[in-house]
Amino acid sequence: MRENALSQWHEFKITGILTLALVLIAVAGAMMSKFSTKFILPAVAVSFLVILTIKLPEVLLALFLNAGELKNDPRFQLPVDLTLLLWILTILSTYLWIKKGRIKLTMPPLKMALPFLSVCTITLISLIYTNNFVYGSDKAIKLVTLGTLALFGSFYIMGDYKRVRNFMLTYIILAMAIMVDFFQKSHKPGSPVKVSITSNYLTMGSSMAYAFIMILLYFFMTDRSLIRRVLYLLAFSPAILYVLILSGGRGPFIALIATMFFILTLGRRNTERKRIRIWVIIVIVVSGIYLSLDYRDFTRMTSRMMLLDEGGGRSVLEREWMAKSAFKAMTTMPYFFTGLGIGGFPRYYEGLDATGNMYNYPHNILLEMGAELGIFGLISIVLFLYWSIRKGYSLAWKTSGDNFYTVAAMFSVYFFTVLTALKSGDINDHRFLFALAGIIYALDRNAGHVESPNRKIGEGTEPCKS
């Protein structure tokens with residue numbers, strides 16, 4: 001243990017000195033400035049980002065994936081675009097870790113890289129004939145730059161189980177911040193949802209679902225402290241589910257229910273799978289009993305669910321019209337082969353006067369790719385999703401111990417994002433989906449060669465049995 005501590009001392013020394021220097025600069029600047037608050041807050045933020053760049057690329061990656069939501073909060077308004085800033089810092093951090101030898105550059109799996117790169121290539125080619133070049137080029141640039149970092153960045157950064165744990169912890173902290181913001185605005189059942197940290201009630205519901213799955217399948221299952229396990233089960237998880245239901249996002253709510261049943265199918269018959277199945281069944285039963293007895297408190301969710309019996313309401317009808325329009329484009333020549341071109345669906349759906357409304361997309365990743373990129377784009381995204389799901393199942397079968405819980409959490413969240421991608425969002429709203437696929441392939445690459453974050457120092461790593 002002494003040797004291990006000494007070998008890491010140089011790293012901690014540099015980080016400590018850098019942190020102390022940045023704090024002293026911030027304090028000194030605040031004392032000399034007439035506007036101390038306006039000076040110290042940016043200084044602390046810069047210090048925080050510098051430390052993350054040097055030490056925690058996985059946290060930077062999580063913040064990058066959520067930058068679009070954070071920008072909605074006035075407190076995160078910066079002189080530079082937050083998404084671009086975090087994109088640059090994540091790339092810089094990855095480069096620094098590659099130089100240190102902590103990230104090894106290897107050839108990415110063909111089944112991960114080929115379908116995604118095919119989508120990017122067809123997207124760029126389609127700019128030649130799209131009927132909405134301005135909007136289409138914006139979508140293409142975001143997909144090629146931001147989407148690529150989400151997929152390949154996660155593949156290279158997240159191969160270590162400790163980094164995956166930090167990644168999940170960042171998402172849980174963001175969900176807690178959303179929850180606090182939600183309660184601060186004194187929301188009552190049935191009232192409109194207004195939260196600064198996220199853009200709308202659907203993304204808010206999805207954030208709650210991510211956090212719930214991660215807490216239940218990983219932190220609750222792997223923590224050795226009884227007190228913390230009680231807090232996970234009786235405090236954090238119920239509060240997160242409560243906010244999810246109050247948000248009124250029936251899509252995330254239904255997807256979470258489907259994911260809970262999906263979890264029951266993961267892994268081979270061993271102790272870890274048995275534990276997960278028992279607790280998932282308990283959660284399903286207890287939640288079902290509570291909702292059946294106290295459903296009147298969730299008037300917003302109840303009313304939106306009841307609309308499904310009446311056709312789903314205006315939002316469902318609009319999505320149905322968009323889906324039919326996308327399917328019509330997919331089955332019409334020459335769009336069957338070429339597609340409408342990236343960004344071309346809004347004008348096809350609304351007419352030539354449409355300027356590219358961000359909500360005018362088929363709300364289904366398969367229909368979107370088929371309508372805008374043609375049959376080859378559709379095949380590429382289908383193969384990407386299919387191979388990723390197969391890899392997740394395979395990985396769940398060959399891991400055990402705490403590593404199994406990490407895989408179960410990540411794969412379950414991935415399954416949830418796939419479900420939401422089939423009913424909401426456009427291709428650039430699903431960067432988290434690409435990142436999760438990259439994590440699954442990264443963990444598979446290192447299966448049997450990495451340590452669990454809860455393994456004691458000095459213990460060996462037992463190879464995973466296929």
# chains A, B, ... in the order shown; residues from 1 in each chain; ligands from 1
call {"tool": "residues_around", "arguments": {"residues": "Leu127 in chain A", "least_positions_apart": "4", "cutoff": "8 Å", "atoms": "only C-alpha atoms", "output": "PyMOL selection string"}}
result
chain A and resi 123+133+136-137+341-342
call {"tool": "select_by_dssp", "arguments": {"residues": "range 326-400 of chain A", "states": "alpha helix (DSSP H)", "output": "MDAnalysis selection string"}}
result
chainID A and resid 326:330 335:338 345:350 365:398
call {"tool": "write_last_selection", "arguments": {"atoms": "C-alpha atoms", "output": "PDB file, in the first residue's frame"}}
result
ATOM      1  CA  ALA A 326     -41.920  10.498 -42.685  1.00  0.00           C
ATOM      2  CA  PHE A 327     -43.094   7.034 -43.693  1.00  0.00           C
ATOM      3  CA  LYS A 328     -44.571   8.466 -46.886  1.00  0.00           C
ATOM      4  CA  ALA A 329     -41.218  10.043 -47.743  1.00  0.00           C
ATOM      5  CA  MET A 330     -39.427   6.765 -47.039  1.00  0.00           C
ATOM      6  CA  TYR A 335     -36.383   9.465 -51.417  1.00  0.00           C
ATOM      7  CA  PHE A 336     -36.361   5.745 -50.659  1.00  0.00           C
ATOM      8  CA  PHE A 337     -32.687   5.667 -51.719  1.00  0.00           C
ATOM      9  CA  THR A 338     -31.517   9.257 -51.229  1.00  0.00           C
ATOM     10  CA  PHE A 345     -38.081  16.844 -43.237  1.00  0.00           C
ATOM     11  CA  PRO A 346     -39.484  20.183 -41.899  1.00  0.00           C
ATOM     12  CA  ARG A 347     -39.996  21.622 -45.380  1.00  0.00           C
ATOM     13  CA  TYR A 348     -41.380  18.341 -46.665  1.00  0.00           C
ATOM     14  CA  TYR A 349     -43.833  18.238 -43.752  1.00  0.00           C
ATOM     15  CA  GLU A 350     -44.876  21.916 -43.641  1.00  0.00           C
ATOM     16  CA  ILE A 365     -34.830   8.129 -34.681  1.00  0.00           C
ATOM     17  CA  LEU A 366     -35.561   5.344 -37.205  1.00  0.00           C
ATOM     18  CA  LEU A 367     -38.159   7.358 -39.133  1.00  0.00           C
ATOM     19  CA  GLU A 368     -35.917  10.410 -39.051  1.00  0.00           C
ATOM     20  CA  MET A 369     -32.949   8.547 -40.512  1.00  0.00           C
ATOM     21  CA  GLY A 370     -35.125   6.785 -43.087  1.00  0.00           C
ATOM     22  CA  ALA A 371     -36.855   9.995 -44.206  1.00  0.00           C
ATOM     23  CA  GLU A 372     -33.776  12.229 -44.338  1.00  0.00           C
ATOM     24  CA  LEU A 373     -30.983   9.777 -45.181  1.00  0.00           C
ATOM     25  CA  GLY A 374     -32.845   7.073 -47.090  1.00  0.00           C
ATOM     26  CA  ILE A 375     -32.664   3.310 -46.802  1.00  0.00           C
ATOM     27  CA  PHE A 376     -28.884   3.270 -46.245  1.00  0.00           C
ATOM     28  CA  GLY A 377     -29.111   5.706 -43.355  1.00  0.00           C
ATOM     29  CA  LEU A 378     -31.932   3.628 -41.870  1.00  0.00           C
ATOM     30  CA  ILE A 379     -29.948   0.395 -42.175  1.00  0.00           C
ATOM     31  CA  SER A 380     -26.920   2.037 -40.559  1.00  0.00           C
ATOM     32  CA  ILE A 381     -28.772   3.250 -37.469  1.00  0.00           C
ATOM     33  CA  VAL A 382     -30.667  -0.047 -37.107  1.00  0.00           C
ATOM     34  CA  LEU A 383     -27.381  -1.984 -37.183  1.00  0.00           C
ATOM     35  CA  PHE A 384     -25.855   0.432 -34.681  1.00  0.00           C
ATOM     36  CA  LEU A 385     -28.699  -0.092 -32.198  1.00  0.00           C
ATOM     37  CA  TYR A 386     -28.943  -3.845 -32.794  1.00  0.00           C
ATOM     38  CA  TRP A 387     -25.216  -4.525 -32.375  1.00  0.00           C
ATOM     39  CA  SER A 388     -25.028  -2.314 -29.283  1.00  0.00           C
ATOM     40  CA  ILE A 389     -27.918  -4.158 -27.629  1.00  0.00           C
ATOM     41  CA  ARG A 390     -26.369  -7.530 -28.469  1.00  0.00           C
ATOM     42  CA  LYS A 391     -23.057  -6.368 -27.014  1.00  0.00           C
ATOM     43  CA  GLY A 392     -24.792  -5.176 -23.839  1.00  0.00           C
ATOM     44  CA  TYR A 393     -26.499  -8.539 -23.347  1.00  0.00           C
ATOM     45  CA  SER A 394     -23.225 -10.394 -23.959  1.00  0.00           C
ATOM     46  CA  LEU A 395     -21.373  -8.167 -21.496  1.00  0.00           C
ATOM     47  CA  ALA A 396     -24.019  -8.678 -18.818  1.00  0.00           C
ATOM     48  CA  TRP A 397     -23.634 -12.443 -19.177  1.00  0.00           C
ATOM     49  CA  LYS A 398     -19.848 -12.507 -18.806  1.00  0.00           C
TER      50      LYS A 398
END
call {"tool": "closest_residue", "arguments": {"among": "A:Val80, A:Met176, A:Leu124, A:Met214", "to": "Lys142 in chain A", "atoms": "only C-alpha atoms"}}
result
A:Leu124
call {"tool": "residues_around", "arguments": {"residues": "range 286-290 of chain A", "least_positions_apart": "6", "cutoff": "10 Å", "atoms": "only C-alpha atoms", "output": "list in words"}}
result
Pro238, Leu241 and Val280 of chain A
call {"tool": "residues_around", "arguments": {"residues": "range 199-207 of chain A", "least_positions_apart": "4", "cutoff": "9 Å", "atoms": "only C-alpha atoms", "output": "mmCIF file with N, CA and C atoms, in the first residue's frame"}}
result
data_model
loop_
_atom_site.group_PDB
_atom_site.id
_atom_site.type_symbol
_atom_site.label_atom_id
_atom_site.label_comp_id
_atom_site.auth_asym_id
_atom_site.auth_seq_id
_atom_site.Cartn_x
_atom_site.Cartn_y
_atom_site.Cartn_z
ATOM 1 N N GLY A 68 -26.398 21.244 -23.264
ATOM 2 C CA GLY A 68 -27.581 21.838 -23.871
ATOM 3 C C GLY A 68 -28.659 22.158 -22.859
ATOM 4 N N GLU A 69 -28.754 21.340 -21.799
ATOM 5 C CA GLU A 69 -29.733 21.595 -20.747
ATOM 6 C C GLU A 69 -29.250 22.681 -19.802
ATOM 7 N N LEU A 70 -27.970 22.649 -19.469
ATOM 8 C CA LEU A 70 -27.423 23.628 -18.531
ATOM 9 C C LEU A 70 -27.501 25.049 -19.081
ATOM 10 N N LYS A 71 -27.411 25.174 -20.409
ATOM 11 C CA LYS A 71 -27.446 26.516 -21.018
ATOM 12 C C LYS A 71 -28.778 27.207 -20.822
ATOM 13 N N ASN A 72 -29.823 26.451 -20.475
ATOM 14 C CA ASN A 72 -31.120 27.073 -20.237
ATOM 15 C C ASN A 72 -31.156 27.845 -18.928
ATOM 16 N N ASP A 73 -30.223 27.552 -18.035
ATOM 17 C CA ASP A 73 -30.169 28.213 -16.741
ATOM 18 C C ASP A 73 -29.398 29.524 -16.870
ATOM 19 N N TYR A 171 -24.183 12.391 -13.151
ATOM 20 C CA TYR A 171 -25.574 12.428 -13.591
ATOM 21 C C TYR A 171 -26.531 12.481 -12.406
ATOM 22 N N ILE A 172 -26.203 11.780 -11.334
ATOM 23 C CA ILE A 172 -27.065 11.800 -10.152
ATOM 24 C C ILE A 172 -27.048 13.170 -9.495
ATOM 25 N N LEU A 174 -26.512 16.023 -11.008
ATOM 26 C CA LEU A 174 -27.307 16.907 -11.866
ATOM 27 C C LEU A 174 -28.804 16.676 -11.644
ATOM 28 N N ALA A 175 -29.213 15.426 -11.490
ATOM 29 C CA ALA A 175 -30.621 15.130 -11.234
ATOM 30 C C ALA A 175 -31.059 15.707 -9.897
ATOM 31 N N ILE A 178 -31.599 19.398 -10.325
ATOM 32 C CA ILE A 178 -32.895 19.635 -10.975
ATOM 33 C C ILE A 178 -34.027 19.470 -9.971
ATOM 34 N N MET A 179 -33.918 18.455 -9.132
ATOM 35 C CA MET A 179 -34.957 18.181 -8.144
ATOM 36 C C MET A 179 -35.061 19.325 -7.132
ATOM 37 N N VAL A 193 -44.769 22.835 -15.127
ATOM 38 C CA VAL A 193 -43.403 22.536 -14.712
ATOM 39 C C VAL A 193 -42.474 23.614 -15.246
ATOM 40 N N LYS A 194 -41.755 24.266 -14.329
ATOM 41 C CA LYS A 194 -40.792 25.300 -14.711
ATOM 42 C C LYS A 194 -39.506 25.060 -13.931
ATOM 43 N N VAL A 195 -38.489 24.591 -14.634
ATOM 44 C CA VAL A 195 -37.199 24.328 -14.019
ATOM 45 C C VAL A 195 -36.120 24.971 -14.870
ATOM 46 N N ALA A 211 -31.126 8.811 -13.132
ATOM 47 C CA ALA A 211 -30.611 8.800 -11.771
ATOM 48 C C ALA A 211 -31.190 7.638 -10.975
ATOM 49 N N PHE A 212 -32.479 7.373 -11.158
ATOM 50 C CA PHE A 212 -33.117 6.287 -10.418
ATOM 51 C C PHE A 212 -32.496 4.943 -10.767
ATOM 52 N N LEU A 241 -38.392 9.467 -8.052
ATOM 53 C CA LEU A 241 -39.606 8.966 -8.710
ATOM 54 C C LEU A 241 -40.765 9.937 -8.526
ATOM 55 N N VAL A 243 -40.618 13.208 -8.264
ATOM 56 C CA VAL A 243 -40.443 14.333 -9.180
ATOM 57 C C VAL A 243 -40.730 13.907 -10.616
ATOM 58 N N LEU A 244 -40.315 12.699 -10.979
ATOM 59 C CA LEU A 244 -40.574 12.202 -12.332
ATOM 60 C C LEU A 244 -42.071 12.179 -12.618
ATOM 61 N N ILE A 245 -42.851 11.678 -11.659
ATOM 62 C CA ILE A 245 -44.297 11.580 -11.873
ATOM 63 C C ILE A 245 -44.943 12.963 -11.853
ATOM 64 N N LEU A 246 -44.472 13.852 -10.971
ATOM 65 C CA LEU A 246 -45.016 15.209 -10.940
ATOM 66 C C LEU A 246 -44.729 15.968 -12.232
ATOM 67 N N SER A 247 -43.625 15.615 -12.905
ATOM 68 C CA SER A 247 -43.273 16.319 -14.139
ATOM 69 C C SER A 247 -44.323 16.121 -15.226
ATOM 70 N N GLY A 248 -45.043 14.996 -15.170
ATOM 71 C CA GLY A 248 -46.071 14.739 -16.174
ATOM 72 C C GLY A 248 -45.533 14.167 -17.466
ATOM 73 N N GLY A 249 -44.254 13.800 -17.496
ATOM 74 C CA GLY A 249 -43.675 13.216 -18.710
ATOM 75 C C GLY A 249 -44.053 11.755 -18.845
ATOM 76 N N ARG A 250 -45.130 11.495 -19.553
ATOM 77 C CA ARG A 250 -45.606 10.108 -19.644
ATOM 78 C C ARG A 250 -44.656 9.242 -20.462
ATOM 79 N N GLY A 251 -43.945 9.838 -21.423
ATOM 80 C CA GLY A 251 -42.975 9.072 -22.207
ATOM 81 C C GLY A 251 -41.881 8.483 -21.331
ATOM 82 N N PRO A 252 -41.143 9.316 -20.568
ATOM 83 C CA PRO A 252 -40.130 8.767 -19.659
ATOM 84 C C PRO A 252 -40.716 7.809 -18.620
ATOM 85 N N PHE A 253 -41.929 8.088 -18.152
ATOM 86 C CA PHE A 253 -42.560 7.232 -17.144
ATOM 87 C C PHE A 253 -42.835 5.837 -17.713
ATOM 88 N N LEU A 256 -39.572 4.005 -18.376
ATOM 89 C CA LEU A 256 -38.959 3.503 -17.147
ATOM 90 C C LEU A 256 -39.632 2.205 -16.694
ATOM 91 N N PHE A 416 -33.252 2.336 -21.895
ATOM 92 C CA PHE A 416 -34.203 3.429 -21.672
ATOM 93 C C PHE A 416 -34.051 4.504 -22.740
ATOM 94 N N THR A 417 -32.820 4.887 -23.069
ATOM 95 C CA THR A 417 -32.608 5.933 -24.073
ATOM 96 C C THR A 417 -33.050 5.480 -25.459
ATOM 97 N N THR A 420 -36.795 5.973 -25.534
ATOM 98 C CA THR A 420 -37.161 7.390 -25.676
ATOM 99 C C THR A 420 -36.811 7.912 -27.064
ATOM 100 N N SER A 424 -39.319 10.357 -29.210
ATOM 101 C CA SER A 424 -39.069 11.784 -28.984
ATOM 102 C C SER A 424 -37.648 12.132 -29.386
#
call {"tool": "residues_around", "arguments": {"residues": "Asp426 in chain A", "least_positions_apart": "5", "cutoff": "8 Å", "atoms": "only C-alpha atoms", "output": "number ranges by chain"}}
result
A: 361-365, 368, 421
call {"tool": "residues_around", "arguments": {"residues": "Ser400 in chain A", "least_positions_apart": "3", "cutoff": "8 Å", "atoms": "only C-alpha atoms", "output": "PyMOL selection string"}}
result
chain A and resi 272+403-405+464
call {"tool": "atom_distance", "arguments": {"atom1": "CA of Thr332 in chain A", "atom2": "CA of Tyr129 in chain A"}}
result
16.0 Å
call {"tool": "residues_around", "arguments": {"residues": "Ile91 in chain A", "least_positions_apart": "5", "cutoff": "10 Å", "atoms": "only C-alpha atoms", "output": "list in words"}}
result
Thr53, Pro57, Leu60, Leu61, Leu86, Leu96, Trp97, Leu149 and Gly153 of chain A
call {"tool": "write_last_selection", "arguments": {"atoms": "N, CA, C and O atoms", "output": "PDB file, in the first residue's frame"}}
result
ATOM      1  N   THR A  53     -10.340  19.086 -16.148  1.00  0.00           N
ATOM      2  CA  THR A  53      -9.587  18.796 -17.366  1.00  0.00           C
ATOM      3  C   THR A  53      -8.359  17.948 -17.058  1.00  0.00           C
ATOM      4  O   THR A  53      -8.008  17.043 -17.816  1.00  0.00           O
ATOM      5  N   PRO A  57     -11.694  13.458 -16.772  1.00  0.00           N
ATOM      6  CA  PRO A  57     -12.301  13.619 -18.102  1.00  0.00           C
ATOM      7  C   PRO A  57     -13.704  13.032 -18.179  1.00  0.00           C
ATOM      8  O   PRO A  57     -14.533  13.492 -18.965  1.00  0.00           O
ATOM      9  N   LEU A  60     -16.120  15.701 -17.135  1.00  0.00           N
ATOM     10  CA  LEU A  60     -16.246  16.665 -18.237  1.00  0.00           C
ATOM     11  C   LEU A  60     -17.140  16.120 -19.340  1.00  0.00           C
ATOM     12  O   LEU A  60     -17.964  16.843 -19.910  1.00  0.00           O
ATOM     13  N   LEU A  61     -16.994  14.828 -19.641  1.00  0.00           N
ATOM     14  CA  LEU A  61     -17.820  14.204 -20.668  1.00  0.00           C
ATOM     15  C   LEU A  61     -19.293  14.256 -20.278  1.00  0.00           C
ATOM     16  O   LEU A  61     -20.155  14.572 -21.111  1.00  0.00           O
ATOM     17  N   LEU A  86     -17.130  22.965 -23.362  1.00  0.00           N
ATOM     18  CA  LEU A  86     -16.964  21.636 -22.777  1.00  0.00           C
ATOM     19  C   LEU A  86     -16.491  20.619 -23.814  1.00  0.00           C
ATOM     20  O   LEU A  86     -15.772  19.677 -23.473  1.00  0.00           O
ATOM     21  N   LEU A  96      -4.550  14.870 -22.897  1.00  0.00           N
ATOM     22  CA  LEU A  96      -3.599  14.860 -21.778  1.00  0.00           C
ATOM     23  C   LEU A  96      -3.493  13.467 -21.172  1.00  0.00           C
ATOM     24  O   LEU A  96      -2.390  13.012 -20.827  1.00  0.00           O
ATOM     25  N   TRP A  97      -4.618  12.779 -21.062  1.00  0.00           N
ATOM     26  CA  TRP A  97      -4.600  11.435 -20.480  1.00  0.00           C
ATOM     27  C   TRP A  97      -3.960  10.431 -21.427  1.00  0.00           C
ATOM     28  O   TRP A  97      -3.345   9.463 -20.987  1.00  0.00           O
ATOM     29  N   LEU A 149     -17.768  12.914 -30.650  1.00  0.00           N
ATOM     30  CA  LEU A 149     -17.114  12.956 -29.342  1.00  0.00           C
ATOM     31  C   LEU A 149     -17.898  12.135 -28.318  1.00  0.00           C
ATOM     32  O   LEU A 149     -17.306  11.437 -27.491  1.00  0.00           O
ATOM     33  N   GLY A 153     -15.437   9.449 -27.633  1.00  0.00           N
ATOM     34  CA  GLY A 153     -14.898   9.950 -26.373  1.00  0.00           C
ATOM     35  C   GLY A 153     -15.227   9.011 -25.231  1.00  0.00           C
ATOM     36  O   GLY A 153     -14.375   8.673 -24.405  1.00  0.00           O
TER      37      GLY A 153
END
call {"tool": "decode", "arguments": {"residues": "range 400-426 of chain A", "atoms": "N, CA and C atoms", "output": "tab-separated table (two decimals), in the first residue's frame"}}
result
chain	number	residue	atom	x	y	z
A	400	SER	N	-19.40	-10.37	-13.50
A	400	SER	CA	-19.93	-10.79	-12.22
A	400	SER	C	-19.46	-9.81	-11.14
A	401	GLY	N	-19.97	-10.01	-9.93
A	401	GLY	CA	-19.58	-9.13	-8.84
A	401	GLY	C	-20.08	-7.71	-9.06
A	402	ASP	N	-19.35	-6.75	-8.50
A	402	ASP	CA	-19.75	-5.34	-8.64
A	402	ASP	C	-19.70	-4.87	-10.09
A	403	ASN	N	-18.83	-5.47	-10.88
A	403	ASN	CA	-18.76	-5.10	-12.29
A	403	ASN	C	-20.07	-5.39	-13.01
A	404	PHE	N	-20.75	-6.46	-12.59
A	404	PHE	CA	-22.04	-6.78	-13.20
A	404	PHE	C	-23.05	-5.67	-12.94
A	405	TYR	N	-23.03	-5.11	-11.73
A	405	TYR	CA	-23.97	-4.04	-11.41
A	405	TYR	C	-23.69	-2.78	-12.23
A	406	THR	N	-22.40	-2.52	-12.49
A	406	THR	CA	-22.05	-1.39	-13.36
A	406	THR	C	-22.61	-1.59	-14.76
A	407	VAL	N	-22.40	-2.78	-15.30
A	407	VAL	CA	-22.89	-3.10	-16.64
A	407	VAL	C	-24.41	-3.05	-16.67
A	408	ALA	N	-25.06	-3.62	-15.65
A	408	ALA	CA	-26.52	-3.63	-15.60
A	408	ALA	C	-27.07	-2.21	-15.59
A	409	ALA	N	-26.44	-1.33	-14.82
A	409	ALA	CA	-26.91	0.06	-14.75
A	409	ALA	C	-26.75	0.76	-16.09
A	410	MET	N	-25.57	0.64	-16.71
A	410	MET	CA	-25.31	1.33	-17.96
A	410	MET	C	-26.17	0.77	-19.10
A	411	PHE	N	-26.30	-0.55	-19.15
A	411	PHE	CA	-27.09	-1.16	-20.22
A	411	PHE	C	-28.57	-0.86	-20.05
A	412	SER	N	-29.05	-0.80	-18.82
A	412	SER	CA	-30.46	-0.48	-18.59
A	412	SER	C	-30.76	0.97	-18.97
A	413	VAL	N	-29.84	1.88	-18.64
A	413	VAL	CA	-30.03	3.27	-19.05
A	413	VAL	C	-29.98	3.37	-20.57
A	414	TYR	N	-29.11	2.57	-21.19
A	414	TYR	CA	-29.05	2.57	-22.65
A	414	TYR	C	-30.38	2.10	-23.25
A	415	PHE	N	-30.93	1.03	-22.69
A	415	PHE	CA	-32.22	0.53	-23.16
A	415	PHE	C	-33.29	1.61	-23.01
A	416	PHE	N	-33.25	2.34	-21.90
A	416	PHE	CA	-34.20	3.43	-21.67
A	416	PHE	C	-34.05	4.50	-22.74
A	417	THR	N	-32.82	4.89	-23.07
A	417	THR	CA	-32.61	5.93	-24.07
A	417	THR	C	-33.05	5.48	-25.46
A	418	VAL	N	-32.89	4.18	-25.74
A	418	VAL	CA	-33.37	3.67	-27.04
A	418	VAL	C	-34.88	3.81	-27.11
A	419	LEU	N	-35.58	3.47	-26.04
A	419	LEU	CA	-37.04	3.60	-26.02
A	419	LEU	C	-37.46	5.06	-26.22
A	420	THR	N	-36.79	5.97	-25.53
A	420	THR	CA	-37.16	7.39	-25.68
A	420	THR	C	-36.81	7.91	-27.06
A	421	ALA	N	-35.75	7.36	-27.68
A	421	ALA	CA	-35.38	7.79	-29.03
A	421	ALA	C	-36.40	7.36	-30.07
A	422	LEU	N	-37.22	6.37	-29.73
A	422	LEU	CA	-38.25	5.90	-30.65
A	422	LEU	C	-39.53	6.71	-30.56
A	423	LYS	N	-39.59	7.67	-29.63
A	423	LYS	CA	-40.83	8.46	-29.52
A	423	LYS	C	-40.58	9.94	-29.30
A	424	SER	N	-39.32	10.36	-29.21
A	424	SER	CA	-39.07	11.78	-28.98
A	424	SER	C	-37.65	12.13	-29.39
A	425	GLY	N	-37.44	13.41	-29.70
A	425	GLY	CA	-36.11	13.91	-30.00
A	425	GLY	C	-35.65	13.67	-31.42
A	426	ASP	N	-34.66	14.47	-31.86
A	426	ASP	CA	-34.04	14.24	-33.15
A	426	ASP	C	-32.65	13.65	-32.93
